[in-house]
$ cat upload35.txt   # compact mmCIF, N, CA and C atoms
# COMPACT_ATOMS: atom_id res chain seq x y z
N MET A 27 81.98 125.84 105.69
CA MET A 27 82.15 124.42 105.52
C MET A 27 83.25 123.96 106.46
N TYR A 28 83.04 122.81 107.09
CA TYR A 28 84.07 122.21 107.92
C TYR A 28 83.91 120.70 107.86
N GLY A 29 84.97 119.99 108.24
CA GLY A 29 84.92 118.54 108.20
C GLY A 29 85.92 117.91 109.13
N VAL A 30 85.69 116.64 109.41
CA VAL A 30 86.59 115.83 110.22
C VAL A 30 86.90 114.57 109.40
N PHE A 31 88.19 114.26 109.25
CA PHE A 31 88.61 113.17 108.39
C PHE A 31 89.53 112.20 109.10
N LEU A 32 89.49 110.94 108.69
CA LEU A 32 90.49 109.95 109.05
C LEU A 32 91.38 109.77 107.83
N ARG A 33 92.69 109.63 108.06
CA ARG A 33 93.63 109.51 106.96
C ARG A 33 94.40 108.21 107.11
N GLY A 34 94.41 107.41 106.05
CA GLY A 34 95.22 106.20 105.98
C GLY A 34 96.36 106.44 105.01
N SER A 35 97.59 106.13 105.42
CA SER A 35 98.76 106.43 104.60
C SER A 35 99.49 105.16 104.18
N LEU A 36 100.10 105.22 102.99
CA LEU A 36 100.95 104.16 102.48
C LEU A 36 102.30 104.79 102.12
N PRO A 37 103.28 104.74 103.04
CA PRO A 37 104.57 105.35 102.75
C PRO A 37 105.38 104.52 101.76
N LEU A 38 105.93 105.17 100.76
CA LEU A 38 106.85 104.56 99.81
C LEU A 38 108.21 105.18 100.05
N SER A 39 108.91 104.73 101.09
CA SER A 39 110.11 105.40 101.58
C SER A 39 111.25 105.43 100.56
N SER A 40 111.31 104.46 99.66
CA SER A 40 112.40 104.47 98.68
C SER A 40 112.27 105.64 97.70
N GLN A 41 111.05 106.18 97.52
CA GLN A 41 110.84 107.32 96.63
C GLN A 41 110.51 108.60 97.40
N ASN A 42 110.55 108.58 98.74
CA ASN A 42 110.17 109.73 99.57
C ASN A 42 108.76 110.21 99.29
N ILE A 43 107.86 109.28 99.00
CA ILE A 43 106.46 109.61 98.68
C ILE A 43 105.55 108.86 99.65
N THR A 44 104.47 109.52 100.05
CA THR A 44 103.42 108.88 100.83
C THR A 44 102.10 109.07 100.09
N LEU A 45 101.42 107.97 99.80
CA LEU A 45 100.08 108.03 99.21
C LEU A 45 99.08 107.90 100.36
N TYR A 46 97.94 108.59 100.26
CA TYR A 46 96.97 108.52 101.35
C TYR A 46 95.55 108.65 100.85
N GLY A 47 94.64 108.17 101.68
CA GLY A 47 93.21 108.30 101.42
C GLY A 47 92.54 108.96 102.61
N LEU A 48 91.48 109.70 102.34
CA LEU A 48 90.73 110.40 103.39
C LEU A 48 89.28 109.95 103.36
N VAL A 49 88.67 109.83 104.53
CA VAL A 49 87.24 109.60 104.61
C VAL A 49 86.75 110.29 105.89
N GLY A 50 85.58 110.91 105.80
CA GLY A 50 85.06 111.61 106.97
C GLY A 50 83.71 112.24 106.70
N MET A 51 83.35 113.14 107.59
CA MET A 51 82.07 113.84 107.50
C MET A 51 82.33 115.33 107.38
N SER A 52 81.52 116.01 106.57
CA SER A 52 81.60 117.46 106.42
C SER A 52 80.23 118.07 106.61
N SER A 53 80.23 119.34 106.96
CA SER A 53 78.99 120.08 107.12
C SER A 53 79.15 121.45 106.47
N ALA A 54 78.09 121.94 105.87
CA ALA A 54 78.13 123.25 105.22
C ALA A 54 76.77 123.92 105.37
N SER A 55 76.79 125.24 105.36
CA SER A 55 75.53 126.00 105.36
C SER A 55 75.66 127.13 104.36
N ASN A 56 74.52 127.52 103.81
CA ASN A 56 74.49 128.56 102.78
C ASN A 56 73.20 129.36 102.95
N THR A 57 73.33 130.67 102.85
CA THR A 57 72.18 131.56 102.87
C THR A 57 72.25 132.45 101.63
N TYR A 58 71.16 132.55 100.91
CA TYR A 58 71.13 133.42 99.74
C TYR A 58 69.76 134.07 99.62
N THR A 59 69.71 135.13 98.82
CA THR A 59 68.48 135.89 98.65
C THR A 59 68.11 135.92 97.17
N ALA A 60 66.86 135.61 96.87
CA ALA A 60 66.31 135.70 95.51
C ALA A 60 65.48 136.97 95.45
N THR A 61 65.80 137.83 94.50
CA THR A 61 65.13 139.12 94.40
C THR A 61 64.48 139.26 93.02
N THR A 62 63.22 139.68 93.02
CA THR A 62 62.53 140.04 91.78
C THR A 62 62.23 141.54 91.85
N LEU A 63 61.47 142.05 90.90
CA LEU A 63 61.12 143.48 90.91
C LEU A 63 60.26 143.85 92.11
N THR A 64 59.47 142.90 92.61
CA THR A 64 58.54 143.23 93.69
C THR A 64 58.81 142.53 95.02
N THR A 65 59.56 141.44 95.02
CA THR A 65 59.78 140.69 96.26
C THR A 65 61.25 140.33 96.45
N SER A 66 61.56 140.01 97.69
CA SER A 66 62.88 139.52 98.04
C SER A 66 62.70 138.39 99.06
N THR A 67 63.22 137.23 98.73
CA THR A 67 63.06 136.06 99.60
C THR A 67 64.42 135.49 99.95
N SER A 68 64.63 135.21 101.24
CA SER A 68 65.89 134.62 101.69
C SER A 68 65.71 133.13 101.91
N TYR A 69 66.73 132.38 101.55
CA TYR A 69 66.75 130.94 101.72
C TYR A 69 67.99 130.55 102.52
N SER A 70 67.84 129.55 103.34
CA SER A 70 68.97 129.05 104.11
C SER A 70 68.95 127.53 104.04
N LYS A 71 70.13 126.94 103.86
CA LYS A 71 70.21 125.49 103.74
C LYS A 71 71.44 125.00 104.46
N THR A 72 71.31 123.87 105.16
CA THR A 72 72.42 123.24 105.86
C THR A 72 72.46 121.78 105.47
N ALA A 73 73.67 121.25 105.28
CA ALA A 73 73.82 119.84 104.90
C ALA A 73 75.01 119.23 105.61
N THR A 74 74.90 117.95 105.91
CA THR A 74 75.99 117.17 106.48
C THR A 74 76.05 115.86 105.71
N GLY A 75 77.27 115.42 105.37
CA GLY A 75 77.36 114.18 104.62
C GLY A 75 78.76 113.63 104.54
N LEU A 76 78.87 112.50 103.87
CA LEU A 76 80.13 111.80 103.68
C LEU A 76 81.06 112.60 102.76
N SER A 77 82.33 112.62 103.10
CA SER A 77 83.35 113.25 102.27
C SER A 77 84.53 112.29 102.16
N TYR A 78 85.25 112.36 101.04
CA TYR A 78 86.39 111.46 100.85
C TYR A 78 87.37 112.09 99.87
N GLY A 79 88.57 111.54 99.83
CA GLY A 79 89.58 112.06 98.93
C GLY A 79 90.82 111.17 98.89
N VAL A 80 91.73 111.52 97.99
CA VAL A 80 93.01 110.83 97.85
C VAL A 80 94.09 111.89 97.67
N GLY A 81 95.32 111.52 98.02
CA GLY A 81 96.40 112.48 97.87
C GLY A 81 97.76 111.81 97.88
N ALA A 82 98.77 112.63 97.65
CA ALA A 82 100.16 112.18 97.67
C ALA A 82 101.03 113.28 98.25
N GLU A 83 102.01 112.87 99.06
CA GLU A 83 103.00 113.79 99.63
C GLU A 83 104.37 113.41 99.10
N LEU A 84 105.13 114.41 98.68
CA LEU A 84 106.51 114.21 98.25
C LEU A 84 107.40 114.95 99.23
N PHE A 85 108.24 114.21 99.95
CA PHE A 85 109.10 114.81 100.97
C PHE A 85 110.38 115.33 100.35
N GLY A 86 110.63 116.64 100.49
CA GLY A 86 111.88 117.25 100.06
C GLY A 86 112.96 117.07 101.12
N THR A 87 112.55 117.18 102.39
CA THR A 87 113.41 116.94 103.55
C THR A 87 112.59 116.09 104.52
N PRO A 88 113.20 115.55 105.59
CA PRO A 88 112.41 114.75 106.52
C PRO A 88 111.27 115.53 107.20
N SER A 89 111.36 116.85 107.24
CA SER A 89 110.32 117.63 107.92
C SER A 89 109.46 118.48 106.97
N THR A 90 109.77 118.53 105.69
CA THR A 90 109.02 119.36 104.74
C THR A 90 108.53 118.51 103.57
N SER A 91 107.26 118.68 103.22
CA SER A 91 106.69 117.92 102.10
C SER A 91 105.80 118.83 101.25
N PHE A 92 105.64 118.44 100.02
CA PHE A 92 104.72 119.07 99.07
C PHE A 92 103.61 118.06 98.83
N HIS A 93 102.37 118.54 98.77
CA HIS A 93 101.29 117.58 98.58
C HIS A 93 100.27 118.08 97.56
N VAL A 94 99.62 117.09 96.93
CA VAL A 94 98.49 117.34 96.04
C VAL A 94 97.38 116.41 96.51
N GLU A 95 96.16 116.95 96.55
CA GLU A 95 95.05 116.20 97.11
C GLU A 95 93.78 116.52 96.33
N TRP A 96 92.97 115.50 96.08
CA TRP A 96 91.65 115.68 95.49
C TRP A 96 90.63 115.25 96.54
N THR A 97 89.65 116.10 96.82
CA THR A 97 88.64 115.80 97.83
C THR A 97 87.25 116.11 97.29
N LYS A 98 86.29 115.24 97.62
CA LYS A 98 84.88 115.48 97.30
C LYS A 98 84.15 115.63 98.63
N PHE A 99 83.58 116.82 98.85
CA PHE A 99 82.85 117.12 100.07
C PHE A 99 81.36 116.89 99.88
N LEU A 100 80.70 116.38 100.91
CA LEU A 100 79.24 116.24 100.94
C LEU A 100 78.72 115.53 99.69
N SER A 101 79.19 114.32 99.46
CA SER A 101 78.91 113.61 98.21
C SER A 101 77.44 113.25 98.00
N ALA A 102 76.63 113.21 99.04
CA ALA A 102 75.24 112.78 98.88
C ALA A 102 74.23 113.90 99.09
N THR A 103 74.65 115.16 98.93
CA THR A 103 73.75 116.28 99.20
C THR A 103 73.75 117.27 98.04
N ASP A 104 72.94 118.32 98.18
CA ASP A 104 72.89 119.37 97.18
C ASP A 104 74.13 120.25 97.18
N PHE A 105 74.96 120.16 98.23
CA PHE A 105 76.14 121.01 98.36
C PHE A 105 77.41 120.34 97.86
N THR A 106 77.32 119.35 97.02
CA THR A 106 78.51 118.63 96.57
C THR A 106 79.55 119.60 96.03
N SER A 107 80.76 119.45 96.54
CA SER A 107 81.88 120.28 96.12
C SER A 107 83.10 119.38 96.00
N LYS A 108 83.87 119.55 94.95
CA LYS A 108 85.08 118.76 94.79
C LYS A 108 86.17 119.62 94.19
N GLY A 109 87.41 119.26 94.47
CA GLY A 109 88.50 120.04 93.91
C GLY A 109 89.86 119.55 94.37
N PHE A 110 90.89 120.21 93.83
CA PHE A 110 92.27 119.87 94.13
C PHE A 110 92.86 120.88 95.12
N VAL A 111 93.79 120.39 95.92
CA VAL A 111 94.54 121.22 96.85
C VAL A 111 96.02 120.98 96.59
N LEU A 112 96.79 122.05 96.47
CA LEU A 112 98.24 121.98 96.39
C LEU A 112 98.79 122.66 97.62
N GLY A 113 99.80 122.08 98.25
CA GLY A 113 100.29 122.71 99.46
C GLY A 113 101.68 122.27 99.86
N ILE A 114 102.19 122.95 100.87
CA ILE A 114 103.48 122.65 101.48
C ILE A 114 103.24 122.46 102.96
N THR A 115 103.82 121.41 103.53
CA THR A 115 103.69 121.13 104.96
C THR A 115 105.08 121.10 105.58
N HIS A 116 105.22 121.76 106.73
CA HIS A 116 106.47 121.69 107.48
C HIS A 116 106.15 121.23 108.89
N HIS A 117 106.83 120.18 109.34
CA HIS A 117 106.64 119.64 110.67
C HIS A 117 107.74 120.19 111.58
N PHE A 118 107.34 120.90 112.63
CA PHE A 118 108.30 121.47 113.56
C PHE A 118 108.59 120.47 114.66
N ALA A 119 109.86 120.35 115.00
CA ALA A 119 110.25 119.45 116.08
C ALA A 119 109.93 120.15 117.40
N MET A 120 109.33 119.39 118.32
CA MET A 120 108.99 119.94 119.63
C MET A 120 109.78 119.19 120.69
N SER A 121 110.30 119.92 121.64
CA SER A 121 110.98 119.26 122.76
C SER A 121 109.93 118.72 123.71
N LYS A 122 110.29 117.70 124.45
CA LYS A 122 109.35 117.10 125.40
C LYS A 122 109.11 118.10 126.54
N PRO A 123 107.84 118.29 126.93
CA PRO A 123 107.52 119.28 127.96
C PRO A 123 107.92 118.87 129.37
N TRP A 124 108.36 117.66 129.59
CA TRP A 124 108.74 117.24 130.95
C TRP A 124 110.18 116.85 131.02
$ encode --input "upload35.txt" --output "structure tokens"
Amino acid sequence: MYGVFLRGSLPLSSQNITLYGLVGMSSASNTYTATTLTTSTSYSKTATGLSYGVGAELFGTPSTSFHVEWTKFLSATDFTSKGFVLGITHHFAMSKPW
């Protein structure tokens, strides 16, 4: 499964929180085999569809944040998947290359 998303953010700087929404497209493929006593049949399926989600980031420092996100992948297909993500993000400062 993979996807490409656009993210819109609403920073609440007085609380060090950023709320955001995601919208994009995802694609997934699945192959499985159905086996009986006498036969074995393989099936393959691929789907592409709309995906979306919402989340919040809590900044502990200006470069480190903790986030929680709920995302629904492939909302209009047989591969619908949804769930929560918990994570930590650290932004590294880069010097200008020139």
$ closest_residue --input "upload35.txt" --among "A:Ala119, A:Val30, A:His93, A:Ala60" --to "A:Gly75" --atoms "only C-alpha atoms"
A:Val30
$ closest_residue --input "upload35.txt" --among "A:Leu63, A:Leu76, A:Leu38, A:Val94" --to "A:Met51" --atoms "only C-alpha atoms"
A:Leu76
$ closest_residue --input "upload35.txt" --among "A:Tyr28, A:Phe92, A:Phe85, A:Phe105" --to "A:Asn42" --atoms "all atoms listed in the file"
A:Phe85
$ select_by_dssp --input "upload35.txt" --residues "stretch 27-123 of chain A" --states "strand (DSSP E or B)" --output "PyMOL selection string"
chain A and resi 28-38+43-61+66-87+90-99+107-116
$ closest_residue --input "upload35.txt" --among "A:Trp96, A:Pro88, A:Ser53, A:Thr61" --to "A:Ala73" --atoms "all atoms listed in the file"
A:Ser53
$ atom_distance --input "upload35.txt" --atom1 "atom N of A:Thr97" --atom2 "atom N of A:Tyr69"
28.5 Å
$ closest_residue --input "upload35.txt" --among "A:Ser55, A:Thr90, A:Ser101, A:Gln41" --to "A:His116" --atoms "all atoms listed in the file"
A:Thr90
$ closest_residue --input "upload35.txt" --among "A:Phe99, A:Ala82, A:Thr65, A:Ser89" --to "A:Tyr46" --atoms "only N, CA and C atoms"
A:Ala82
$ atom_distance --input "upload35.txt" --atom1 "atom CA of A:Leu100" --atom2 "atom C of A:Gly50"
8.3 Å
$ atom_distance --input "upload35.txt" --atom1 "atom N of A:Phe31" --atom2 "atom C of A:Ser52"
9.2 Å
$ build_atoms --input "upload35.txt" --residues "stretch 59-70 of chain A" --atoms "all heavy atoms" --output "CSV table (one decimal), keeping the file's coordinate frame"
chain,number,residue,atom,x,y,z
A,59,THR,N,69.7,135.1,98.8
A,59,THR,CA,68.5,135.9,98.6
A,59,THR,C,68.1,135.9,97.2
A,59,THR,O,69.0,136.2,96.3
A,59,THR,CB,68.7,137.3,99.2
A,59,THR,OG1,69.1,137.3,100.5
A,59,THR,CG2,67.4,138.1,99.0
A,60,ALA,N,66.9,135.6,96.9
A,60,ALA,CA,66.3,135.7,95.5
A,60,ALA,C,65.5,137.0,95.4
A,60,ALA,O,64.6,137.2,96.3
A,60,ALA,CB,65.5,134.5,95.2
A,61,THR,N,65.8,137.8,94.5
A,61,THR,CA,65.1,139.1,94.4
A,61,THR,C,64.5,139.3,93.0
A,61,THR,O,65.1,139.0,92.0
A,61,THR,CB,66.1,140.3,94.6
A,61,THR,OG1,66.8,140.1,95.9
A,61,THR,CG2,65.4,141.6,94.6
A,62,THR,N,63.2,139.7,93.0
A,62,THR,CA,62.5,140.0,91.8
A,62,THR,C,62.2,141.5,91.8
A,62,THR,O,62.6,142.2,92.8
A,62,THR,CB,61.2,139.2,91.6
A,62,THR,OG1,60.3,139.6,92.7
A,62,THR,CG2,61.5,137.7,91.7
A,63,LEU,N,61.5,142.0,90.9
A,63,LEU,CA,61.1,143.5,90.9
A,63,LEU,C,60.3,143.8,92.1
A,63,LEU,O,60.3,145.0,92.6
A,63,LEU,CB,60.4,143.9,89.6
A,63,LEU,CG,61.3,143.8,88.3
A,63,LEU,CD1,60.4,144.1,87.1
A,63,LEU,CD2,62.4,144.8,88.4
A,64,THR,N,59.5,142.9,92.6
A,64,THR,CA,58.5,143.2,93.7
A,64,THR,C,58.8,142.5,95.0
A,64,THR,O,58.3,143.0,96.0
A,64,THR,CB,57.1,142.9,93.3
A,64,THR,OG1,57.0,141.5,92.9
A,64,THR,CG2,56.7,143.7,92.1
A,65,THR,N,59.6,141.4,95.0
A,65,THR,CA,59.8,140.7,96.3
A,65,THR,C,61.2,140.3,96.4
A,65,THR,O,62.0,140.3,95.5
A,65,THR,CB,59.0,139.4,96.3
A,65,THR,OG1,59.4,138.6,95.2
A,65,THR,CG2,57.5,139.7,96.2
A,66,SER,N,61.6,140.0,97.7
A,66,SER,CA,62.9,139.5,98.0
A,66,SER,C,62.7,138.4,99.1
A,66,SER,O,62.1,138.6,100.1
A,66,SER,CB,63.7,140.7,98.6
A,66,SER,OG,65.0,140.2,99.0
A,67,THR,N,63.2,137.2,98.7
A,67,THR,CA,63.1,136.1,99.6
A,67,THR,C,64.4,135.5,100.0
A,67,THR,O,65.3,135.3,99.1
A,67,THR,CB,62.2,135.0,98.9
A,67,THR,OG1,61.0,135.6,98.4
A,67,THR,CG2,61.9,133.8,99.8
A,68,SER,N,64.6,135.2,101.2
A,68,SER,CA,65.9,134.6,101.7
A,68,SER,C,65.7,133.1,101.9
A,68,SER,O,64.7,132.7,102.4
A,68,SER,CB,66.3,135.3,103.0
A,68,SER,OG,66.7,136.6,102.8
A,69,TYR,N,66.7,132.4,101.6
A,69,TYR,CA,66.8,130.9,101.7
A,69,TYR,C,68.0,130.6,102.5
A,69,TYR,O,69.0,131.1,102.4
A,69,TYR,CB,66.8,130.2,100.4
A,69,TYR,CG,65.6,130.5,99.5
A,69,TYR,CD1,65.6,131.5,98.5
A,69,TYR,CD2,64.4,129.7,99.6
A,69,TYR,CE1,64.5,131.7,97.7
A,69,TYR,CE2,63.4,130.0,98.8
A,69,TYR,CZ,63.4,131.0,97.9
A,69,TYR,OH,62.3,131.2,97.1
A,70,SER,N,67.8,129.6,103.3
A,70,SER,CA,69.0,129.0,104.1
A,70,SER,C,69.0,127.5,104.0
A,70,SER,O,67.9,126.9,104.1
A,70,SER,CB,68.9,129.5,105.6
A,70,SER,OG,70.0,129.0,106.3
